[in-house]
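Enquirer: Data file work25.cif (mmCIF, C-alpha atoms and all ligand atoms) is appended below.
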```cif
data_entry
loop_
_atom_site.label_atom_id
_atom_site.label_comp_id
_atom_site.auth_asym_id
_atom_site.auth_seq_id
_atom_site.Cartn_x
_atom_site.Cartn_y
_atom_site.Cartn_z
CA MET T 5 107.35 219.85 -46.71
CA ALA T 6 108.31 216.94 -44.52
CA GLY T 7 109.77 217.10 -41.06
CA ILE T 8 113.29 215.72 -41.08
CA ILE T 9 113.72 212.91 -38.55
CA ASP T 10 117.03 213.67 -36.87
CA GLY T 11 118.46 210.21 -36.25
CA LYS T 12 121.71 211.62 -34.99
CA ALA T 13 119.98 213.68 -32.29
CA ILE T 14 117.66 210.81 -31.26
CA ALA T 15 120.67 208.47 -31.09
CA ALA T 16 122.55 211.02 -28.93
CA LYS T 17 119.65 211.08 -26.42
CA ILE T 18 119.59 207.28 -26.26
CA LYS T 19 123.35 207.20 -25.69
CA GLU T 20 123.00 209.66 -22.78
CA GLY T 21 120.53 207.32 -21.11
CA LEU T 22 122.79 204.33 -21.71
CA MET T 23 125.76 206.17 -20.27
CA SER T 24 124.02 206.61 -16.92
CA GLU T 25 122.88 202.96 -16.93
CA VAL T 26 126.44 201.83 -17.52
CA GLU T 27 127.63 204.13 -14.72
CA ARG T 28 125.13 202.61 -12.30
CA PHE T 29 126.19 199.10 -13.36
CA LYS T 30 129.80 199.95 -12.58
CA ARG T 31 128.98 201.72 -9.32
CA GLU T 32 126.65 199.07 -7.92
CA ARG T 33 128.24 195.91 -9.31
CA ASN T 34 131.71 196.90 -10.47
CA ILE T 35 130.89 195.41 -13.90
CA THR T 36 131.63 197.01 -17.26
CA PRO T 37 129.53 195.78 -20.21
CA GLY T 38 131.83 194.26 -22.85
CA LEU T 39 131.33 194.01 -26.61
CA SER T 40 133.61 192.11 -29.00
CA VAL T 41 133.41 193.06 -32.66
CA ILE T 42 134.88 190.75 -35.30
CA LEU T 43 135.80 192.20 -38.68
CA VAL T 44 137.05 189.83 -41.40
CA GLY T 45 138.76 191.31 -44.45
CA ASP T 46 139.02 194.92 -45.49
CA ASN T 47 135.65 196.07 -46.79
CA PRO T 48 136.05 199.88 -46.60
CA ALA T 49 132.44 200.58 -45.55
CA SER T 50 132.64 197.91 -42.82
CA ARG T 51 135.81 199.57 -41.51
CA ILE T 52 133.96 202.88 -41.12
CA TYR T 53 130.98 201.27 -39.41
CA VAL T 54 133.13 199.25 -37.03
CA LYS T 55 135.18 202.32 -36.15
CA ASN T 56 131.96 204.28 -35.47
CA LYS T 57 130.78 201.43 -33.21
CA GLY T 58 134.03 201.43 -31.23
CA ARG T 59 133.86 205.18 -30.74
CA ALA T 60 130.23 205.00 -29.60
CA CYS T 61 131.08 202.29 -27.06
CA GLU T 62 133.78 204.52 -25.65
CA GLU T 63 131.31 207.42 -25.35
CA VAL T 64 128.90 205.44 -23.15
CA GLY T 65 131.52 203.50 -21.19
CA ILE T 66 131.17 200.06 -22.80
CA ARG T 67 134.44 198.13 -23.06
CA SER T 68 134.80 197.18 -26.71
CA THR T 69 137.44 194.97 -28.26
CA GLN T 70 137.94 194.68 -31.97
CA HIS T 71 139.25 191.52 -33.64
CA THR T 72 140.41 192.40 -37.13
CA LEU T 73 141.12 189.23 -39.10
CA PRO T 74 142.69 188.99 -42.56
CA ALA T 75 140.48 188.19 -45.57
CA GLN T 76 142.11 184.72 -45.84
CA THR T 77 141.01 183.71 -42.32
CA THR T 78 139.84 180.10 -42.31
CA ARG T 79 136.48 178.81 -41.16
CA LYS T 80 138.15 177.09 -38.23
CA GLU T 81 140.06 180.19 -37.09
CA LEU T 82 136.89 182.25 -37.09
CA LEU T 83 134.80 179.58 -35.35
CA ASP T 84 137.53 179.09 -32.74
CA LEU T 85 137.60 182.81 -32.00
CA ILE T 86 133.81 182.90 -31.61
CA SER T 87 133.97 179.88 -29.36
CA ALA T 88 136.59 181.55 -27.15
CA LEU T 89 134.46 184.71 -26.91
CA ASN T 90 131.35 182.64 -26.12
CA GLY T 91 133.24 181.22 -23.15
CA ASP T 92 134.70 184.53 -21.90
CA PRO T 93 132.52 185.92 -19.08
CA SER T 94 133.90 189.46 -19.55
CA VAL T 95 132.45 189.46 -23.09
CA HIS T 96 128.70 190.03 -22.82
CA ALA T 97 128.11 190.72 -26.51
CA ILE T 98 129.56 189.45 -29.81
CA LEU T 99 129.10 190.94 -33.26
CA VAL T 100 130.50 189.62 -36.55
CA GLN T 101 130.37 192.49 -39.01
CA LEU T 102 128.75 191.57 -42.35
CA PRO T 103 129.35 190.97 -45.18
CA LEU T 104 131.87 188.17 -44.65
CA PRO T 105 134.21 187.13 -47.49
CA SER T 106 132.13 184.84 -49.73
CA ARG T 107 134.27 181.76 -48.94
CA LEU T 108 132.89 181.74 -45.42
CA ASP T 109 129.42 180.40 -44.67
CA THR T 110 127.63 183.35 -43.06
CA HIS T 111 124.82 181.22 -41.62
CA GLU T 112 127.27 178.80 -40.02
CA VAL T 113 129.22 181.68 -38.46
CA LEU T 114 126.12 183.46 -37.12
CA GLU T 115 124.80 180.19 -35.67
CA ALA T 116 128.07 179.73 -33.78
CA ILE T 117 127.45 182.84 -31.67
CA SER T 118 125.84 182.11 -28.35
CA PRO T 119 122.23 183.45 -28.57
CA GLU T 120 122.63 185.20 -25.18
CA LYS T 121 125.53 187.23 -26.65
CA ASP T 122 123.98 187.73 -30.09
CA VAL T 123 123.39 191.49 -29.94
CA ASP T 124 122.81 191.58 -33.71
CA GLY T 125 119.81 189.31 -33.28
CA PHE T 126 120.90 187.24 -36.29
CA HIS T 127 121.04 183.80 -34.61
CA PRO T 128 118.05 181.63 -35.65
CA TYR T 129 117.04 181.42 -31.96
CA ASN T 130 116.59 185.19 -31.79
CA VAL T 131 115.07 185.38 -35.28
CA GLY T 132 112.51 182.75 -34.28
CA ARG T 133 111.69 184.56 -31.04
CA LEU T 134 111.20 187.83 -32.97
CA VAL T 135 108.85 186.13 -35.46
CA CYS T 136 106.85 184.66 -32.56
CA GLY T 137 106.64 188.06 -30.87
CA ARG T 138 108.69 186.84 -27.89
CA PRO T 139 111.41 188.87 -26.13
CA ALA T 140 114.66 188.56 -28.08
CA PHE T 141 117.64 190.50 -29.30
CA ILE T 142 116.22 192.56 -32.14
CA PRO T 143 118.52 193.37 -35.08
CA CYS T 144 119.94 196.86 -34.59
CA THR T 145 118.86 198.53 -37.83
CA PRO T 146 115.19 197.39 -37.64
CA LYS T 147 115.05 198.33 -33.95
CA GLY T 148 116.40 201.77 -34.86
CA ILE T 149 113.88 202.09 -37.70
CA MET T 150 110.99 201.42 -35.29
CA ARG T 151 112.32 204.06 -32.87
CA LEU T 152 112.54 206.58 -35.70
CA ILE T 153 108.96 205.86 -36.80
CA ASP T 154 107.77 206.10 -33.19
CA SER T 155 109.54 209.46 -32.81
CA THR T 156 106.93 210.94 -35.18
CA GLY T 157 104.15 210.10 -32.71
CA VAL T 158 102.11 208.26 -35.37
CA THR T 159 99.71 205.50 -34.33
CA LEU T 160 100.92 202.43 -36.20
CA SER T 161 97.95 200.11 -35.80
CA GLY T 162 96.08 199.68 -39.09
CA GLN T 163 98.59 201.63 -41.18
CA GLU T 164 99.91 200.28 -44.47
CA ALA T 165 103.67 199.86 -44.86
CA VAL T 166 105.79 198.92 -47.83
CA VAL T 167 109.20 197.47 -46.99
CA LEU T 168 111.58 197.53 -49.95
CA GLY T 169 114.17 194.78 -49.64
CA ARG T 170 113.91 191.33 -48.08
CA SER T 171 117.33 190.88 -46.49
CA ASN T 172 117.74 188.97 -43.25
CA VAL T 173 119.50 192.03 -41.82
CA VAL T 174 116.87 194.71 -42.53
CA GLY T 175 113.83 193.88 -44.69
CA LYS T 176 112.57 190.69 -43.06
CA PRO T 177 113.02 191.68 -39.39
CA THR T 178 111.56 195.15 -40.06
CA ALA T 179 108.48 193.57 -41.67
CA PHE T 180 107.93 191.32 -38.62
CA MET T 181 108.36 194.20 -36.18
CA LEU T 182 105.79 196.28 -38.08
CA LEU T 183 103.44 193.28 -38.16
CA GLN T 184 103.80 192.94 -34.40
CA ARG T 185 102.48 196.51 -34.14
CA ASP T 186 99.39 195.68 -36.24
CA VAL T 187 100.67 197.30 -39.42
CA THR T 188 99.64 195.79 -42.79
CA VAL T 189 102.98 195.01 -44.40
CA THR T 190 103.93 194.45 -48.04
CA VAL T 191 107.49 193.28 -48.61
CA CYS T 192 108.77 194.21 -52.08
CA HIS T 193 111.95 193.13 -53.86
CA SER T 194 113.67 193.01 -57.23
CA LYS T 195 110.99 190.74 -58.74
CA THR T 196 107.99 192.74 -57.48
CA ARG T 197 105.64 193.98 -60.22
CA GLY T 198 103.99 197.41 -60.14
CA LEU T 199 106.33 198.82 -57.52
CA PRO T 200 105.41 202.53 -57.95
CA GLU T 201 101.70 201.82 -57.35
CA LYS T 202 102.46 199.73 -54.27
CA ILE T 203 104.67 202.45 -52.82
CA LEU T 204 102.02 205.09 -53.64
CA SER T 205 99.53 203.27 -51.40
CA ALA T 206 101.87 203.13 -48.39
CA ASP T 207 101.54 205.25 -45.25
CA ILE T 208 105.04 204.12 -44.28
CA VAL T 209 107.88 203.37 -46.71
CA VAL T 210 111.06 201.64 -45.52
CA ALA T 211 113.66 201.57 -48.30
CA ALA T 212 116.53 199.08 -47.88
CA ILE T 213 117.66 198.02 -51.35
CA GLY T 214 121.05 199.69 -51.79
CA ARG T 215 120.38 201.57 -55.04
CA PRO T 216 120.97 205.33 -54.98
CA GLU T 217 117.76 207.41 -55.27
CA PHE T 218 115.83 204.44 -56.69
CA VAL T 219 112.58 205.49 -55.00
CA LYS T 220 111.25 208.55 -56.82
CA GLY T 221 109.64 211.44 -55.00
CA LYS T 222 106.50 211.12 -57.11
CA TRP T 223 105.99 207.54 -55.85
CA ILE T 224 105.53 208.78 -52.29
CA LYS T 225 101.95 209.07 -51.03
CA PRO T 226 101.36 212.61 -49.75
CA GLY T 227 101.75 212.55 -45.96
CA ALA T 228 103.68 209.25 -45.84
CA ILE T 229 106.55 208.53 -43.45
CA VAL T 230 109.74 207.66 -45.35
CA ILE T 231 112.61 205.75 -43.71
CA ASP T 232 115.68 205.60 -45.92
CA VAL T 233 118.06 202.79 -44.93
CA GLY T 234 120.28 203.04 -48.02
CA ILE T 235 123.88 204.19 -47.72
CA ASN T 236 125.22 204.35 -51.27
CA ARG T 237 128.62 205.79 -52.06
CA THR T 238 128.39 207.76 -55.32
CA GLU T 239 130.71 210.25 -57.03
CA ARG T 240 128.60 212.98 -55.48
CA GLY T 241 128.99 211.55 -51.98
CA LEU T 242 126.58 209.50 -49.85
CA ALA T 243 123.10 208.93 -51.24
CA GLY T 244 120.10 207.12 -49.82
CA ASP T 245 117.71 204.76 -51.65
CA VAL T 246 115.16 207.60 -51.90
CA GLU T 247 115.21 210.70 -54.07
CA PHE T 248 115.35 212.87 -50.97
CA GLY T 249 114.75 216.34 -52.44
CA ALA T 250 111.54 215.36 -54.25
CA ALA T 251 110.31 212.91 -51.58
CA LYS T 252 110.52 215.47 -48.79
CA GLU T 253 108.02 217.68 -50.66
CA ARG T 254 105.38 214.94 -50.31
CA ALA T 255 106.23 213.03 -47.14
CA SER T 256 105.11 214.08 -43.65
CA TYR T 257 108.40 212.84 -42.16
CA ILE T 258 111.59 211.61 -43.79
CA THR T 259 115.02 210.44 -42.61
CA PRO T 260 118.19 211.95 -44.09
CA VAL T 261 121.30 210.05 -45.27
CA PRO T 262 123.64 210.37 -43.49
CA GLY T 263 122.31 211.20 -40.03
CA GLY T 264 119.16 209.06 -40.12
CA VAL T 265 119.11 205.29 -39.70
CA GLY T 266 122.93 204.81 -39.47
CA PRO T 267 123.44 206.50 -36.09
CA MET T 268 120.36 204.68 -34.72
CA THR T 269 121.81 201.30 -35.76
CA ILE T 270 124.79 202.06 -33.57
CA ALA T 271 122.70 203.35 -30.65
CA MET T 272 120.62 200.14 -30.74
CA LEU T 273 123.80 198.04 -30.72
CA LEU T 274 124.86 199.81 -27.52
CA SER T 275 121.39 199.29 -26.08
CA ASN T 276 121.46 195.56 -26.90
CA THR T 277 124.95 195.27 -25.42
CA VAL T 278 123.89 196.84 -22.11
CA GLU T 279 120.85 194.54 -22.15
CA ALA T 280 123.03 191.45 -22.73
CA ALA T 281 125.33 192.44 -19.87
CA LYS T 282 122.39 193.07 -17.50
CA ARG T 283 120.85 189.69 -18.29
CA ALA T 284 124.15 187.83 -17.94
CA GLU T 285 124.88 189.48 -14.62
CA ASN T 286 121.31 189.40 -13.31
CA PHE T 287 121.30 193.18 -12.92
CA LEU T 288 117.82 194.65 -13.15
N1 LIG Z 1 126.80 193.70 -39.89
C1 LIG Z 1 125.64 195.77 -39.64
N2 LIG Z 1 126.74 195.26 -41.65
C2 LIG Z 1 126.26 196.46 -42.31
N3 LIG Z 1 126.22 205.60 -40.79
C3 LIG Z 1 125.80 198.18 -39.69
C4 LIG Z 1 125.85 200.55 -40.39
C5 LIG Z 1 126.74 202.39 -39.09
N4 LIG Z 1 126.73 192.15 -38.18
C6 LIG Z 1 126.38 193.33 -38.68
O1 LIG Z 1 126.31 198.30 -38.59
O2 LIG Z 1 124.40 196.07 -37.70
C7 LIG Z 1 125.18 195.36 -38.36
N5 LIG Z 1 125.58 194.15 -37.93
N6 LIG Z 1 125.35 197.00 -40.19
N7 LIG Z 1 125.55 199.17 -40.59
C8 LIG Z 1 125.01 198.60 -41.80
C9 LIG Z 1 125.07 197.11 -41.61
C10 LIG Z 1 126.42 194.91 -40.39
C11 LIG Z 1 125.52 201.47 -41.38
C12 LIG Z 1 125.80 202.82 -41.22
C13 LIG Z 1 126.42 203.30 -40.07
C14 LIG Z 1 126.46 201.05 -39.24
C15 LIG Z 1 126.74 204.75 -39.91
O3 LIG Z 1 127.46 205.14 -39.02
C16 LIG Z 1 126.46 207.01 -40.84
C17 LIG Z 1 125.14 207.72 -41.07
O4 LIG Z 1 124.25 207.13 -41.71
O5 LIG Z 1 125.00 208.88 -40.63
C18 LIG Z 1 127.33 207.37 -42.04
C19 LIG Z 1 128.69 206.76 -41.97
C20 LIG Z 1 129.35 206.80 -43.36
O6 LIG Z 1 130.04 207.76 -43.63
O7 LIG Z 1 129.12 205.87 -44.13
#
```
Translate the structure described by the file into structure tokens.
Ligand code: LUD
Expert:
Amino acid sequence: MAGIIDGKAIAAKIKEGLMSEVERFKRERNITPGLSVILVGDNPASRIYVKNKGRACEEVGIRSTQHTLPAQTTRKELLDLISALNGDPSVHAILVQLPLPSRLDTHEVLEAISPEKDVDGFHPYNVGRLVCGRPAFIPCTPKGIMRLIDSTGVTLSGQEAVVLGRSNVVGKPTAFMLLQRDVTVTVCHSKTRGLPEKILSADIVVAAIGRPEFVKGKWIKPGAIVIDVGINRTERGLAGDVEFGAAKERASYITPVPGGVGPMTIAMLLSNTVEAAKRAENFL
């Protein structure tokens, strides 16, 4: 029976630490870290995530402002807003919640964010730095995933990982972070052949495909660490990408959904925001 990795509890600890950093920032420099979140359209899941982010900012003392734009927002309106936020010194961090309405060019929008304020780590400058193993803003979900794996105390070097999903948001950056830690990484996707066998050989499985309980318990190598990034809304409530009940009988450690990766994504956003503010204000 696997140990359950309590993402919510680990995130709470991280937030406590951030709260005292923010307090010191205010006390010594009279500066409050500021995050601006842009939400375009009315994707119901995005609304929940953005609300959770705003609440978390409040908890640790970050000043967050939310810009909720209608689904019909034009390219120019959105780019003008980003440009204004880039130039606002009280805004240390900018996040454009994804997905954007399909009319808008996501790459163009992400490239408009100043890399120093890009706390999502989605700007090509930060992506390139991550790939080169240089200091950069690391995307929040992959950063949270690495913290969750590290919480088990496992030595990563030489381990075999299978990353399911090749998105720019989760799969690709997670693969590069694991590689940086000397893990042997296989990135699998919808066209991958022989998926069960590949997963069965993995010491670490990161599932980020967005299909409820797609990864069967019997595909998990006994003793593996399983990180479930999926948040799928089904008639029976939230489900991960992994068949949790069966997988936890074989894994050594597994993350639950909810209460696993999701809360860590938010904690890492707060961490990146404090980092952005410190760098901008030369506060060490
Ligand atoms: N876009 C993200 N889109 C989606 N789970 C999140 C997320 C909180 N630009 C940009 O915030 O980092 C991002 N940057 N992402 N995500 C997913 C992704 C983005 C996912 C889950 C949660 C943020 C979260 O709070 C709760 C949990 O797992 O315990 C459950 C909340 C619920 O009821 O769905």
Enquirer: Which chains and residue numbers are within 10 Å of ligand LIG 1 (chain Z), counting all atoms listed in the file, if I want them as a PyMOL selection string?
Expert: chain T and resi 11-12+41-43+48-57+60+98-104+114+122-126+143-146+173-174+232-237+241-244+259-273
Enquirer: What is the distance, in Å and to one decimal place, between atom CA of T:Gly214 and atom CA of T:Lys176?
Expert: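 Going from atom CA of T:Gly214 over to atom CA of T:Lys176 covers 15.1 Å.
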Enquirer: Residues within 8 Å of T:Ala116, please, as a PyMOL selection string. Count all atoms listed in the file; anything in the same chain fewer than 2 positions from it doesn't count.
Expert: chain T and resi 83+86-87+112-114+118
Enquirer: Based on the selection just made, write C-alpha atoms of those residues as a short mmCIF file (atom, residue, chain, number, x, y, z; two decimals), keeping the file's coordinate frame.
Expert:
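Generated file (result.cif):
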```cif
data_model
loop_
_atom_site.label_atom_id
_atom_site.label_comp_id
_atom_site.auth_asym_id
_atom_site.auth_seq_id
_atom_site.Cartn_x
_atom_site.Cartn_y
_atom_site.Cartn_z
CA LEU T 83 134.80 179.58 -35.35
CA ILE T 86 133.81 182.90 -31.61
CA SER T 87 133.97 179.88 -29.36
CA GLU T 112 127.27 178.80 -40.02
CA VAL T 113 129.22 181.68 -38.46
CA LEU T 114 126.12 183.46 -37.12
CA SER T 118 125.84 182.11 -28.35
#
```
Enquirer: Do you have the atom CA of T:Leu160-atom CA of T:Val187 distance handy?
Expert: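 These two atoms are separated by 6.1 Å.
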Enquirer: I need the residue nearest T:Ile153 from this list: T:Asp207, T:Glu247, T:Asp84, T:Glu120. Use only C-alpha atoms for the distance.
Expert: T:Asp207
Enquirer: Between atom CA of T:Ser205 and atom CA of T:Gly157, what is the distance, to one decimal in Å?
Expert: 20.4 Å
Enquirer: Name the residues within 10 Å of (109.5, 191.5, -43.3), counting all atoms listed in the file in the file's coordinates, and put them as a PDB file with C-alpha atoms, keeping the file's coordinate frame.
Expert:
```pdb
ATOM      1  CA  VAL T 135     108.850 186.130 -35.460  1.00  0.00           C
ATOM      2  CA  PRO T 146     115.190 197.390 -37.640  1.00  0.00           C
ATOM      3  CA  VAL T 166     105.790 198.920 -47.830  1.00  0.00           C
ATOM      4  CA  VAL T 167     109.200 197.470 -46.990  1.00  0.00           C
ATOM      5  CA  LEU T 168     111.580 197.530 -49.950  1.00  0.00           C
ATOM      6  CA  GLY T 169     114.170 194.780 -49.640  1.00  0.00           C
ATOM      7  CA  ARG T 170     113.910 191.330 -48.080  1.00  0.00           C
ATOM      8  CA  SER T 171     117.330 190.880 -46.490  1.00  0.00           C
ATOM      9  CA  ASN T 172     117.740 188.970 -43.250  1.00  0.00           C
ATOM     10  CA  VAL T 174     116.870 194.710 -42.530  1.00  0.00           C
ATOM     11  CA  GLY T 175     113.830 193.880 -44.690  1.00  0.00           C
ATOM     12  CA  LYS T 176     112.570 190.690 -43.060  1.00  0.00           C
ATOM     13  CA  PRO T 177     113.020 191.680 -39.390  1.00  0.00           C
ATOM     14  CA  THR T 178     111.560 195.150 -40.060  1.00  0.00           C
ATOM     15  CA  ALA T 179     108.480 193.570 -41.670  1.00  0.00           C
ATOM     16  CA  PHE T 180     107.930 191.320 -38.620  1.00  0.00           C
ATOM     17  CA  MET T 181     108.360 194.200 -36.180  1.00  0.00           C
ATOM     18  CA  LEU T 182     105.790 196.280 -38.080  1.00  0.00           C
ATOM     19  CA  LEU T 183     103.440 193.280 -38.160  1.00  0.00           C
ATOM     20  CA  VAL T 189     102.980 195.010 -44.400  1.00  0.00           C
ATOM     21  CA  THR T 190     103.930 194.450 -48.040  1.00  0.00           C
ATOM     22  CA  VAL T 191     107.490 193.280 -48.610  1.00  0.00           C
ATOM     23  CA  CYS T 192     108.770 194.210 -52.080  1.00  0.00           C
TER      24      CYS T 192
END
```
Enquirer: Which residues of stretch 90-152 of chain T have any atom within 12 Å of an atom in stretch 15-25 of chain T when counting all atoms listed in the file, and what is the closest pair of atoms for each, with the distance in Å to one decimal? Order the rows by chain and rising number and write it as CSV.
Expert:
```
residue,atom,partner,partner_atom,distance
T:Lys147,CA,T:Ala15,CA,11.9
T:Gly148,CA,T:Ala15,CA,8.8
T:Ile149,CA,T:Ala15,CA,11.4
T:Arg151,CA,T:Ala15,CA,9.6
T:Leu152,CA,T:Ala15,CA,9.5
```
Enquirer: Which residues are close to stretch 5-8 of chain T, i.e. within 7 Å by only C-alpha atoms, leaving aside same-chain residues fewer than 2 positions away? Reply as number ranges by chain.
Expert: T: 10, 252-260
Enquirer: Please provide as a list in words all residues within 6 Å of T:Asp245, with the sequence filter that same-chain residues fewer than 2 positions apart are discarded (counting only C-alpha atoms).
Expert: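 Those residues are Arg215, Pro216, Glu217, Phe218 and Gly234 of chain T.
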Enquirer: For T:Glu62, which residue out of T:Ile208, T:Ile142, T:Leu274, T:Val44 is the nearest one, using only C-alpha atoms?
Expert: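 When distances to T:Glu62 are compared using only C-alpha atoms, the smallest one comes from T:Leu274.
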Enquirer: T:Cys136: which residues within 10 Å, counting all atoms listed in the file, same-chain residues fewer than 5 positions away excluded, as a PDB file with C-alpha atoms, in the frame of the given file?
Expert:
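Below is the file out-v1.pdb, written as the result:
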```pdb
ATOM      1  CA  ASN T 130     116.590 185.190 -31.790  1.00  0.00           C
ATOM      2  CA  VAL T 131     115.070 185.380 -35.280  1.00  0.00           C
ATOM      3  CA  PHE T 180     107.930 191.320 -38.620  1.00  0.00           C
ATOM      4  CA  GLN T 184     103.800 192.940 -34.400  1.00  0.00           C
TER       5      GLN T 184
END
```
